[in-house]
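*Asks:* As input, take protein09.cif (mmCIF, C-alpha atoms):
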```cif
data_run
loop_
_atom_site.label_atom_id
_atom_site.label_comp_id
_atom_site.auth_asym_id
_atom_site.auth_seq_id
_atom_site.Cartn_x
_atom_site.Cartn_y
_atom_site.Cartn_z
CA MET P 1094 10.02 17.75 -2.43
CA LEU P 1095 9.39 17.43 1.29
CA SER P 1096 12.43 18.21 3.42
CA PHE P 1097 12.75 14.73 4.88
CA LEU P 1098 13.11 13.15 1.41
CA SER P 1099 16.61 14.05 0.24
CA ALA P 1100 18.68 12.93 -2.73
CA ASP P 1101 20.91 11.09 -0.25
CA ASP P 1102 17.92 9.04 0.93
CA PHE P 1103 17.21 7.96 -2.63
CA HIS P 1104 20.88 7.30 -3.43
CA GLY P 1105 21.03 4.95 -0.44
CA ARG P 1106 17.91 3.08 -1.58
CA ILE P 1107 19.23 2.81 -5.14
CA GLN P 1108 22.61 1.50 -4.00
CA ARG P 1109 20.97 -1.10 -1.74
CA THR P 1110 18.82 -2.25 -4.64
CA GLN P 1111 21.77 -2.43 -7.03
CA ALA P 1112 23.76 -4.48 -4.53
CA ALA P 1113 20.79 -6.85 -4.18
CA LEU P 1114 20.56 -7.18 -7.98
CA ALA P 1115 24.26 -8.03 -8.18
CA SER P 1116 23.89 -10.61 -5.41
CA ALA P 1117 20.94 -12.19 -7.25
CA GLY P 1118 22.81 -12.23 -10.56
CA ILE P 1119 20.37 -9.86 -12.28
CA ASP P 1120 22.04 -7.54 -14.79
CA VAL P 1121 19.04 -5.33 -15.58
CA ALA P 1122 15.86 -4.79 -13.57
CA ILE P 1123 12.75 -3.56 -15.38
CA LEU P 1124 10.20 -2.42 -12.79
CA SER P 1125 6.61 -1.47 -13.55
CA SER P 1126 5.39 -0.89 -9.99
CA PHE P 1127 4.77 2.71 -8.99
CA GLY P 1128 5.74 1.57 -5.51
CA ASP P 1129 9.27 0.87 -6.76
CA ALA P 1130 9.45 4.21 -8.59
CA ARG P 1131 8.22 5.99 -5.48
CA TYR P 1132 10.68 4.17 -3.20
CA LEU P 1133 13.72 4.67 -5.44
CA THR P 1134 13.14 8.20 -6.75
CA GLY P 1135 10.20 9.82 -4.97
CA LEU P 1136 8.13 9.91 -8.16
CA ASP P 1137 4.51 10.42 -7.19
CA GLY P 1138 1.35 12.02 -8.47
CA LEU P 1139 1.20 10.64 -12.02
CA PRO P 1140 -2.02 9.25 -13.46
CA GLU P 1141 -1.48 5.50 -13.77
CA VAL P 1142 -2.81 5.32 -17.33
CA ARG P 1143 0.26 4.54 -19.44
CA PRO P 1144 3.07 2.37 -18.07
CA VAL P 1145 6.16 4.09 -16.70
CA PHE P 1146 9.12 1.74 -16.26
CA THR P 1147 11.94 2.19 -13.76
CA VAL P 1148 15.12 0.55 -15.07
CA LEU P 1149 18.24 -0.23 -13.05
CA ILE P 1150 21.54 -1.76 -13.95
CA GLN P 1151 24.08 -2.64 -11.27
CA THR P 1152 25.71 0.82 -11.31
CA GLY P 1153 24.69 4.38 -12.05
CA LYS P 1154 21.45 6.34 -11.90
CA VAL P 1155 17.94 5.07 -12.25
CA ALA P 1156 16.49 5.44 -15.74
CA PHE P 1157 12.85 5.98 -16.62
CA VAL P 1158 11.40 4.60 -19.83
CA ALA P 1159 8.34 6.79 -20.03
CA PRO P 1160 5.49 7.93 -22.26
CA ALA P 1161 6.41 11.19 -23.97
CA ILE P 1162 3.29 12.78 -22.49
CA GLU P 1163 4.58 12.12 -18.95
CA ALA P 1164 8.30 12.73 -19.52
CA PRO P 1165 8.33 16.51 -18.83
CA ILE P 1166 6.39 16.00 -15.59
CA ILE P 1167 8.77 13.26 -14.45
CA ARG P 1168 11.78 15.48 -15.14
CA ASN P 1169 10.26 18.22 -13.01
CA LYS P 1170 9.36 15.89 -10.15
CA VAL P 1171 12.55 13.84 -9.80
CA ALA P 1172 15.99 15.19 -8.95
CA GLU P 1173 18.37 14.91 -11.90
CA SER P 1174 21.06 13.44 -9.65
CA VAL P 1175 18.72 10.57 -8.74
CA ALA P 1176 17.16 9.53 -12.05
CA GLU P 1177 16.71 10.56 -15.66
CA VAL P 1178 14.19 9.95 -18.39
CA ALA P 1179 16.44 7.88 -20.62
CA ILE P 1180 14.05 7.26 -23.48
CA GLU P 1181 10.49 8.22 -24.39
CA TRP P 1182 7.81 6.51 -26.42
CA GLY P 1183 4.77 8.10 -28.00
CA GLU P 1184 1.52 7.38 -29.74
CA TRP P 1185 2.26 9.57 -32.76
CA GLU P 1186 4.85 9.54 -35.49
CA LYS P 1187 8.04 11.40 -34.71
CA PRO P 1188 11.40 10.66 -36.31
CA GLY P 1189 13.50 8.49 -34.04
CA MET P 1190 10.91 8.10 -31.27
CA ALA P 1191 9.84 4.64 -30.14
CA ARG P 1192 6.17 3.95 -30.74
CA THR P 1193 5.62 1.46 -27.88
CA PHE P 1194 7.03 0.89 -24.41
CA VAL P 1195 8.41 -2.46 -25.58
CA GLU P 1196 10.41 -0.86 -28.37
CA ALA P 1197 11.66 1.81 -25.97
CA LEU P 1198 12.73 -0.74 -23.35
CA VAL P 1199 14.58 -2.88 -25.88
CA ARG P 1200 16.42 0.16 -27.21
CA HIS P 1201 17.40 1.30 -23.73
CA VAL P 1202 18.64 -2.10 -22.53
CA GLU P 1203 20.67 -2.59 -25.71
CA ALA P 1204 22.26 0.83 -25.15
CA VAL P 1205 23.15 0.55 -21.45
CA ALA P 1206 23.69 -3.20 -21.02
CA PRO P 1207 24.41 -4.77 -24.42
CA HIS P 1208 26.01 -7.82 -22.82
CA ALA P 1209 23.36 -8.41 -20.17
CA LYS P 1210 22.54 -12.07 -19.69
CA THR P 1211 19.76 -11.86 -17.10
CA ILE P 1212 16.77 -9.52 -17.15
CA GLY P 1213 14.68 -9.13 -14.02
CA LEU P 1214 11.03 -8.37 -14.74
CA ASP P 1215 8.47 -7.17 -12.24
CA TYR P 1216 5.93 -10.01 -12.19
CA SER P 1217 3.24 -7.68 -10.86
CA LEU P 1218 2.98 -6.44 -14.45
CA ALA P 1219 -0.27 -7.36 -16.20
CA GLY P 1220 -0.09 -10.82 -17.75
CA LYS P 1221 -0.35 -9.70 -21.37
CA ASP P 1222 2.37 -7.06 -21.03
CA LEU P 1223 4.57 -9.46 -19.09
CA ASN P 1224 4.40 -12.02 -21.88
CA ILE P 1225 5.17 -9.32 -24.47
CA LEU P 1226 8.31 -8.35 -22.57
CA ARG P 1227 9.37 -11.96 -22.14
CA ASN P 1228 9.17 -12.39 -25.89
CA ALA P 1229 11.01 -9.12 -26.51
CA PHE P 1230 13.95 -10.34 -24.40
CA ARG P 1231 13.67 -14.02 -25.30
CA SER P 1232 17.42 -14.25 -25.92
CA LYS P 1233 18.01 -13.41 -22.22
CA ILE P 1234 17.45 -15.32 -19.02
CA ILE P 1235 14.26 -13.92 -17.48
CA GLU P 1236 13.89 -13.81 -13.69
CA ASP P 1237 11.18 -12.48 -11.39
CA VAL P 1238 12.84 -9.47 -9.77
CA SER P 1239 9.97 -8.81 -7.35
CA PRO P 1240 11.44 -10.82 -4.42
CA VAL P 1241 14.65 -8.79 -4.72
CA THR P 1242 13.01 -5.37 -4.79
CA LEU P 1243 10.46 -6.23 -2.13
CA ALA P 1244 13.24 -7.44 0.19
CA VAL P 1245 15.00 -4.09 -0.23
CA ARG P 1246 11.77 -2.18 0.33
CA ALA P 1247 11.31 -4.14 3.55
CA ILE P 1248 14.14 -2.01 4.99
CA LYS P 1249 12.27 0.93 6.48
CA ASP P 1250 14.54 3.97 6.55
CA ASP P 1251 13.79 7.09 8.57
CA ALA P 1252 12.37 8.97 5.58
CA LEU P 1253 9.78 6.27 4.92
CA VAL P 1254 8.79 6.04 8.58
CA ALA P 1255 8.39 9.83 8.72
CA ILE P 1256 5.92 9.73 5.84
CA VAL P 1257 3.96 6.86 7.39
CA ARG P 1258 3.70 8.79 10.67
CA LEU P 1259 2.20 11.74 8.80
CA GLY P 1260 -0.01 9.35 6.84
CA ALA P 1261 -1.42 8.14 10.15
CA ILE P 1262 -2.55 11.68 10.91
CA VAL P 1263 -4.34 11.79 7.55
CA ALA P 1264 -5.95 8.37 8.06
CA GLU P 1265 -7.18 9.36 11.51
CA ALA P 1266 -8.68 12.57 10.10
CA LYS P 1267 -10.46 10.49 7.48
CA PHE P 1268 -11.89 8.21 10.17
CA LYS P 1269 -13.09 11.12 12.26
CA GLY P 1270 -14.75 12.69 9.24
CA ILE P 1271 -16.66 9.50 8.47
CA ARG P 1272 -17.49 8.83 12.11
CA ASP P 1273 -18.91 12.29 12.65
CA MET P 1274 -21.30 11.80 9.70
CA THR P 1275 -22.32 8.30 10.77
CA ASN P 1276 -25.92 8.87 11.79
CA PRO P 1277 -29.29 7.23 11.11
CA GLY P 1278 -30.74 8.38 7.81
CA VAL P 1279 -27.39 9.31 6.27
CA PRO P 1280 -26.29 7.43 3.13
CA GLU P 1281 -22.91 5.70 3.29
CA TRP P 1282 -21.50 7.78 0.44
CA GLU P 1283 -22.19 11.03 2.26
CA ALA P 1284 -20.24 9.87 5.32
CA ALA P 1285 -17.46 8.59 3.05
CA LEU P 1286 -17.27 11.93 1.27
CA ALA P 1287 -16.92 13.74 4.60
CA GLY P 1288 -14.01 11.45 5.46
CA TYR P 1289 -12.38 11.95 2.07
CA ASN P 1290 -12.62 15.73 2.39
CA ALA P 1291 -11.16 15.65 5.91
CA ALA P 1292 -8.25 13.50 4.73
CA VAL P 1293 -7.49 15.64 1.69
CA THR P 1294 -7.62 18.84 3.75
CA THR P 1295 -5.24 17.36 6.31
CA ALA P 1296 -2.85 16.08 3.62
CA ALA P 1297 -2.86 19.49 1.91
CA THR P 1298 -1.92 21.13 5.20
CA ILE P 1299 0.98 18.71 5.63
CA LEU P 1300 2.23 19.20 2.07
CA GLU P 1301 2.19 22.99 2.51
CA GLY P 1302 1.97 24.00 -1.13
CA ASP P 1303 4.33 21.33 -2.48
CA GLU P 1304 3.92 21.29 -6.27
CA ASP P 1305 5.32 17.80 -6.88
CA HIS P 1306 2.71 15.87 -4.90
CA SER P 1307 -1.06 15.87 -4.65
CA PRO P 1308 -3.09 15.72 -1.44
CA LEU P 1309 -5.75 13.83 -3.36
CA PHE P 1310 -5.73 10.06 -3.18
CA SER P 1311 -7.40 7.58 -5.49
CA GLY P 1312 -9.45 4.55 -4.62
CA LEU P 1313 -12.94 3.92 -3.33
CA ILE P 1314 -13.84 4.29 0.33
CA VAL P 1315 -14.19 0.81 1.82
CA MET P 1316 -17.04 0.82 4.31
CA GLY P 1317 -20.24 -1.14 4.77
CA SER P 1318 -23.17 -0.78 7.16
CA GLY P 1319 -25.72 -3.27 8.37
CA SER P 1320 -25.64 -7.02 8.82
CA ASP P 1321 -24.90 -7.97 5.20
CA ARG P 1322 -22.57 -5.22 4.00
CA SER P 1323 -20.41 -5.13 7.13
CA ALA P 1324 -20.00 -8.91 6.83
CA ASN P 1325 -18.10 -8.36 3.57
CA ALA P 1326 -14.60 -7.07 4.31
CA HIS P 1327 -14.45 -4.99 1.13
CA SER P 1328 -17.88 -3.43 0.80
CA VAL P 1329 -17.57 -0.01 -0.85
CA ALA P 1330 -19.49 3.07 0.28
CA SER P 1331 -22.84 2.98 -1.50
CA CYS P 1332 -26.19 4.75 -1.50
CA ARG P 1333 -27.45 2.55 1.35
CA ILE P 1334 -29.08 4.56 4.15
CA MET P 1335 -27.56 3.81 7.55
CA GLN P 1336 -30.06 2.75 10.21
CA ASP P 1337 -30.36 3.29 13.96
CA GLY P 1338 -29.07 0.27 15.90
CA GLU P 1339 -26.68 -0.89 13.15
CA HIS P 1340 -22.93 -0.52 12.89
CA VAL P 1341 -20.65 0.43 10.00
CA GLN P 1342 -17.20 -1.03 9.42
CA ILE P 1343 -14.82 1.70 8.23
CA CYS P 1344 -11.50 1.15 6.46
CA CYS P 1345 -9.06 4.08 6.23
CA CYS P 1346 -6.25 2.14 4.55
CA THR P 1347 -6.27 3.91 1.17
CA PRO P 1348 -2.72 5.31 0.87
CA PRO P 1349 -3.30 8.70 2.47
CA LEU P 1350 -0.03 10.51 1.79
CA LEU P 1351 2.51 10.28 -1.07
CA GLY P 1352 1.14 6.87 -1.98
CA HIS P 1353 2.47 5.19 1.16
CA GLY P 1354 0.54 2.38 2.77
CA MET P 1355 -1.47 2.60 5.95
CA CYS P 1356 -3.71 0.49 8.15
CA PHE P 1357 -6.51 1.97 10.23
CA ASP P 1358 -9.90 0.25 10.58
CA ARG P 1359 -12.72 0.61 13.07
CA PRO P 1360 -16.38 -0.39 13.55
CA VAL P 1361 -18.71 2.48 14.51
CA LYS P 1362 -22.16 2.26 16.08
CA ILE P 1363 -24.99 4.08 14.28
CA GLY P 1364 -27.55 5.92 16.40
CA ASP P 1365 -28.73 5.34 19.96
CA LYS P 1366 -30.33 1.90 19.79
CA ASP P 1367 -28.42 -1.05 21.24
CA LEU P 1368 -26.55 -3.23 18.78
CA PRO P 1369 -27.81 -6.82 18.39
CA HIS P 1370 -26.07 -9.33 20.66
CA GLY P 1371 -24.45 -11.12 17.70
CA VAL P 1372 -22.90 -7.90 16.43
CA ARG P 1373 -21.64 -6.90 19.89
CA ASN P 1374 -19.97 -10.30 20.20
CA ILE P 1375 -18.30 -10.02 16.79
CA ILE P 1376 -16.90 -6.59 17.68
CA ARG P 1377 -15.63 -7.85 21.04
CA VAL P 1378 -13.88 -10.85 19.45
CA ALA P 1379 -12.35 -8.70 16.69
CA ARG P 1380 -10.88 -6.37 19.30
CA GLU P 1381 -9.59 -9.29 21.36
CA ALA P 1382 -8.03 -10.93 18.28
CA GLN P 1383 -6.12 -7.78 17.41
CA GLU P 1384 -4.93 -7.38 20.98
CA ALA P 1385 -3.63 -10.97 20.92
CA ALA P 1386 -1.79 -10.36 17.66
CA LEU P 1387 -0.22 -7.15 18.96
CA ALA P 1388 0.90 -8.91 22.13
CA ALA P 1389 2.65 -11.57 20.01
CA ILE P 1390 4.74 -9.07 18.03
CA ARG P 1391 8.44 -8.90 18.88
CA PRO P 1392 11.73 -9.30 17.02
CA GLY P 1393 12.64 -12.88 16.19
CA VAL P 1394 9.14 -14.36 15.85
CA THR P 1395 7.58 -15.13 12.50
CA VAL P 1396 4.59 -13.36 11.01
CA GLY P 1397 2.85 -16.75 11.02
CA PHE P 1398 3.23 -16.81 14.81
CA VAL P 1399 1.44 -13.45 15.05
CA HIS P 1400 -1.35 -14.72 12.80
CA ASP P 1401 -1.74 -17.84 14.95
CA ALA P 1402 -2.20 -15.68 18.06
CA ALA P 1403 -5.12 -13.86 16.44
CA MET P 1404 -6.59 -17.08 15.06
CA GLU P 1405 -6.55 -18.76 18.46
CA VAL P 1406 -9.02 -16.12 19.65
CA ILE P 1407 -11.16 -16.31 16.51
CA ARG P 1408 -11.31 -20.13 16.57
CA ARG P 1409 -12.10 -20.23 20.28
CA HIS P 1410 -15.20 -18.12 19.66
CA GLY P 1411 -16.27 -20.11 16.60
CA TYR P 1412 -15.71 -17.54 13.84
CA GLU P 1413 -13.03 -19.23 11.75
CA VAL P 1414 -15.52 -20.14 9.00
CA GLY P 1415 -16.10 -16.47 8.25
CA MET P 1416 -12.42 -15.53 7.77
CA GLN P 1417 -11.86 -13.40 4.65
CA HIS P 1418 -8.23 -12.28 5.02
CA GLY P 1419 -5.11 -12.70 7.10
CA THR P 1420 -4.08 -10.83 10.21
CA GLY P 1421 -2.25 -8.03 8.43
CA ARG P 1422 0.49 -6.97 6.06
CA ALA P 1423 3.73 -5.06 5.82
CA ILE P 1424 3.49 -1.30 5.29
CA CYS P 1425 5.64 0.41 2.68
CA CYS P 1426 5.50 3.03 -0.09
CA ALA P 1427 2.70 1.36 -2.02
CA ASP P 1428 -0.80 -0.01 -1.54
CA THR P 1429 0.41 -3.49 -0.68
CA ALA P 1430 3.63 -5.04 0.51
CA ILE P 1431 4.95 -8.32 1.78
CA PRO P 1432 5.10 -10.20 3.99
CA ARG P 1433 1.47 -10.84 4.67
CA ILE P 1434 0.67 -11.78 8.26
CA MET P 1435 -0.98 -15.10 7.48
CA ALA P 1436 -0.79 -18.81 8.22
CA GLY P 1437 2.45 -20.61 7.45
CA VAL P 1438 4.59 -17.58 6.58
CA GLU P 1439 7.99 -18.09 8.18
CA MET P 1440 9.44 -14.64 7.51
CA VAL P 1441 11.03 -13.37 10.72
CA ILE P 1442 10.08 -10.01 12.22
CA HIS P 1443 12.89 -7.47 12.77
CA VAL P 1444 13.27 -4.23 14.69
CA GLY P 1445 12.02 -1.37 12.51
CA ASP P 1446 9.50 -3.38 10.49
CA LEU P 1447 6.21 -1.64 9.80
CA PHE P 1448 3.00 -3.67 9.85
CA GLY P 1449 -0.72 -3.19 9.64
CA VAL P 1450 -2.41 -5.52 12.16
CA GLU P 1451 -6.08 -6.05 11.30
CA PRO P 1452 -7.61 -9.47 11.98
CA GLY P 1453 -11.30 -9.51 11.12
CA VAL P 1454 -14.33 -11.41 12.36
CA TYR P 1455 -17.24 -11.94 9.98
CA LYS P 1456 -20.51 -13.85 10.06
CA GLU P 1457 -22.85 -13.87 7.09
CA HIS P 1458 -26.17 -12.01 7.66
CA VAL P 1459 -25.00 -10.96 11.14
CA GLY P 1460 -22.11 -8.58 10.56
CA GLY P 1461 -18.37 -8.11 10.54
CA ALA P 1462 -15.76 -6.05 12.32
CA ARG P 1463 -12.03 -5.46 12.49
CA PHE P 1464 -9.73 -3.20 14.42
CA GLY P 1465 -6.70 -2.29 12.33
CA ASP P 1466 -3.64 -0.26 13.28
CA THR P 1467 -0.19 0.53 11.91
CA ILE P 1468 2.71 -0.36 14.19
CA ARG P 1469 6.51 -0.32 14.15
CA VAL P 1470 8.46 -3.19 15.69
CA THR P 1471 10.76 -2.23 18.58
CA GLU P 1472 13.34 -4.19 20.55
CA THR P 1473 10.75 -5.12 23.17
CA GLY P 1474 7.54 -5.30 21.13
CA TYR P 1475 5.94 -2.56 19.08
CA GLU P 1476 5.22 1.16 18.89
CA ALA P 1477 1.77 2.22 17.70
CA ILE P 1478 1.93 4.59 14.72
CA THR P 1479 -1.84 5.06 14.56
CA ASP P 1480 -3.81 5.99 17.66
CA LEU P 1481 -4.81 2.72 19.33
CA SER P 1482 -7.30 4.48 21.57
CA LEU P 1483 -9.16 6.27 18.76
CA GLY P 1484 -12.49 4.54 18.13
CA ARG P 1485 -11.52 1.68 20.43
CA THR P 1486 -14.78 1.66 22.34
CA MET P 1487 -18.27 1.89 20.86
#
```
Give the structure from the file, written as structure tokens.

*Replies:*
Amino acid sequence: MLSFLSADDFHGRIQRTQAALASAGIDVAILSSFGDARYLTGLDGLPEVRPVFTVLIQTGKVAFVAPAIEAPIIRNKVAESVAEVAIEWGEWEKPGMARTFVEALVRHVEAVAPHAKTIGLDYSLAGKDLNILRNAFRSKIIEDVSPVTLAVRAIKDDALVAIVRLGAIVAEAKFKGIRDMTNPGVPEWEAALAGYNAAVTTAATILEGDEDHSPLFSGLIVMGSGSDRSANAHSVASCRIMQDGEHVQICCCTPPLLGHGMCFDRPVKIGDKDLPHGVRNIIRVAREAQEAALAAIRPGVTVGFVHDAAMEVIRRHGYEVGMQHGTGRAICCADTAIPRIMAGVEMVIHVGDLFGVEPGVYKEHVGGARFGDTIRVTETGYEAITDLSLGRTM
């Protein structure tokens, strides 16, 4: 376990979550998100094949309801004072062992909270499994616990910020690796692989032999070159050969360290030829839109206000039709978090909040671009976590 993640950090997070459950009138929370498990216990580095549930009641330790195949690994990874594997389930016959996660969850809840009236389920769970659990606890009041846990995770403690700062170093290494291989005649995948290798090498250096976490990260490399692929915000690195006089839009947001979120995006020019006028204009407007959004960030304003600042630039230049996403999102210990920086969201920004700010400009058959960075809100505005100057100019 890295030195800045202590049992006390996790105890504080657990106690805040339990207090929030009590305030919401939820007796038992059943969480399926690896983001919640990571935030509450530090559990990381498991293959997300079989569901692992994090279960909380309003007092005591966190309990895992886990596949038997994963249970020994979880016990090794998580401090005993923080959480325990309370019950296992397996895919083979063994006297006394639950055969499904549903059976295991029912057994555990009946044992630790026999008089529970309200069960909080994580509504990010797949629809089929969510319905199965609803039926399994049909005698209880079922609530969506996600707003409660996400509100707690919105509190960014020092340990989380420390990881995100290191994640920025990894994301920047990934960008540099891709950028340095971005040349005419090179396929997208080859540049993406160079970025992946640079990121993994950097993460491994940071982890310094830690056995509980992996420097590898999952997910495809989001990048697209040329007029059509760059115009799609989520093109994935392909076998397309990059051409002189084009640009490639690079996304380095895949959680780069311990599963924590990140935002770092840049367009990069390919070769020596001048970019077409339409592409140059899109890149200029994307940069200006992000600068407007960053200038709007301060405690007390809403995330919708920040989005509106970016959109004023995008509308003024006539690119609103091509919008494919909002202006950004909160950054936490998972791929995604709320609030989203988008129209109409009235959630107020506070000192210490972490956000990715990444408004994009896209025009079909011409191209697309976005500048994305991770920032932390301060009393007077924001502090850049990622390097604002890196890749800022073409």

*Asks:* Mind telling me what the PyMOL selection byres ((chain P and resi 1424) around 6) catches here, as a PyMOL selection string?

*Replies:* chain P and resi 1354+1423+1425+1447-1448

*Asks:* Convert the current residue selection to file output with C-alpha atoms, as a PDB file, in the frame of the given file.

*Replies:*
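Written file, part11.pdb:
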```pdb
ATOM      1  CA  GLY P1354       0.540   2.380   2.770  1.00  0.00           C
ATOM      2  CA  ALA P1423       3.730  -5.060   5.820  1.00  0.00           C
ATOM      3  CA  CYS P1425       5.640   0.410   2.680  1.00  0.00           C
ATOM      4  CA  LEU P1447       6.210  -1.640   9.800  1.00  0.00           C
ATOM      5  CA  PHE P1448       3.000  -3.670   9.850  1.00  0.00           C
TER       6      PHE P1448
END
```

*Asks:* Determine, counting only C-alpha atoms, which protein, DNA and RNA residues have an atom within 8 Å of an atom of region 1122-1130 of chain P; residues of the same chain fewer than 3 positions away are not included. Present the result as a list in words.

*Replies:*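 Skipping anything fewer than 3 positions along the chain leaves Leu1114, Ile1119, Leu1133, Thr1134, Gly1135, Leu1136, Asp1137, Pro1144, Val1145, Phe1146, Thr1147, Val1148, Leu1149, Ile1150, Ile1212, Gly1213, Leu1214, Asp1215, Ser1217, Leu1218, Val1238, Thr1242, Gly1352, Cys1426, Ala1427 and Asp1428 of chain P.
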
*Asks:* What residues come out when you apply the PyMOL selection byres ((chain P and resi 1241) around 8) to this file, written as a list in words?

*Replies:*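 The output of the PyMOL selection byres ((chain P and resi 1241) around 8) on this file is Thr1110, Ala1113, Leu1114, Ala1117, Val1238, Ser1239, Pro1240, Thr1242, Leu1243, Ala1244 and Val1245 of chain P.
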
*Asks:* Could you take the residues named above and write them with C-alpha atoms, as a PDB file, in the coordinates of the input?

*Replies:*
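result.pdb, written as the output of this step:
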```pdb
ATOM      1  CA  THR P1110      18.820  -2.250  -4.640  1.00  0.00           C
ATOM      2  CA  ALA P1113      20.790  -6.850  -4.180  1.00  0.00           C
ATOM      3  CA  LEU P1114      20.560  -7.180  -7.980  1.00  0.00           C
ATOM      4  CA  ALA P1117      20.940 -12.190  -7.250  1.00  0.00           C
ATOM      5  CA  VAL P1238      12.840  -9.470  -9.770  1.00  0.00           C
ATOM      6  CA  SER P1239       9.970  -8.810  -7.350  1.00  0.00           C
ATOM      7  CA  PRO P1240      11.440 -10.820  -4.420  1.00  0.00           C
ATOM      8  CA  THR P1242      13.010  -5.370  -4.790  1.00  0.00           C
ATOM      9  CA  LEU P1243      10.460  -6.230  -2.130  1.00  0.00           C
ATOM     10  CA  ALA P1244      13.240  -7.440   0.190  1.00  0.00           C
ATOM     11  CA  VAL P1245      15.000  -4.090  -0.230  1.00  0.00           C
TER      12      VAL P1245
END
```

*Asks:* Run through the PyMOL selection byres ((chain P and resi 1195-1200) around 7) on the given coordinates and return the selected residues as a list in words.

*Replies:* Val1158, Ile1180, Glu1181, Trp1182, Ala1191, Arg1192, Thr1193, Phe1194, His1201, Val1202, Glu1203, Ala1204 and Leu1226 of chain P

*Asks:* What's the separation between CA of Gly1397 (chain P) and CA of Thr1486 (chain P), in Å to one decimal place?

*Replies:*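 So the two atoms, CA of Gly1397 (chain P) and CA of Thr1486 (chain P), lie 27.9 Å apart.
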
*Asks:* Could you jot down the CA of Met1316 (chain P) to CA of Leu1483 (chain P) separation for me, Å, one decimal place?

*Replies:*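 Separation between CA of Met1316 (chain P) and CA of Leu1483 (chain P): 17.3 Å.
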
*Asks:* Tell me which of P:His1353, P:Asn1374, P:Asp1321, P:Ile1442 sits closest to Glu1457 (chain P), counting only C-alpha atoms.

*Replies:*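 Checking each of P:His1353, P:Asn1374, P:Asp1321, P:Ile1442 against Glu1457 (chain P), counting only C-alpha atoms, the winner is P:Asp1321.
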
*Asks:* So how far away is CA of Ala1382 (chain P) from CA of Ala1402 (chain P), in Å?

*Replies:*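 These two atoms are separated by 7.5 Å.
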
*Asks:* Between P:Arg1322, P:Arg1258, P:Arg1359, P:His1327, which residue has the minimum interatomic distance to Ile1478 (chain P), considering only C-alpha atoms?

*Replies:*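 Looking only at the distances to Ile1478 (chain P), the closest residue turns out to be P:Arg1258.
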
*Asks:* Looking at only C-alpha atoms, which of P:Leu1387, P:Val1155, P:Ala1324, P:Val1121 is the one that sits closest to Ala1477 (chain P)?

*Replies:*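 Ranked by minimum distance to Ala1477 (chain P), first place goes to P:Leu1387.
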
*Asks:* Could you please give me, as a list in words, the residues of protein, DNA or RNA lying at most 10 Å from (-16.3, -8.0, 21.1) in the coordinate frame of the file, considering all atoms listed in the file?

*Replies:* His1370, Gly1371, Val1372, Arg1373, Asn1374, Ile1375, Ile1376, Arg1377, Val1378, Ala1379, Arg1380, Glu1381, Ala1382, Val1454, Ala1462, Arg1463 and Thr1486 of chain P
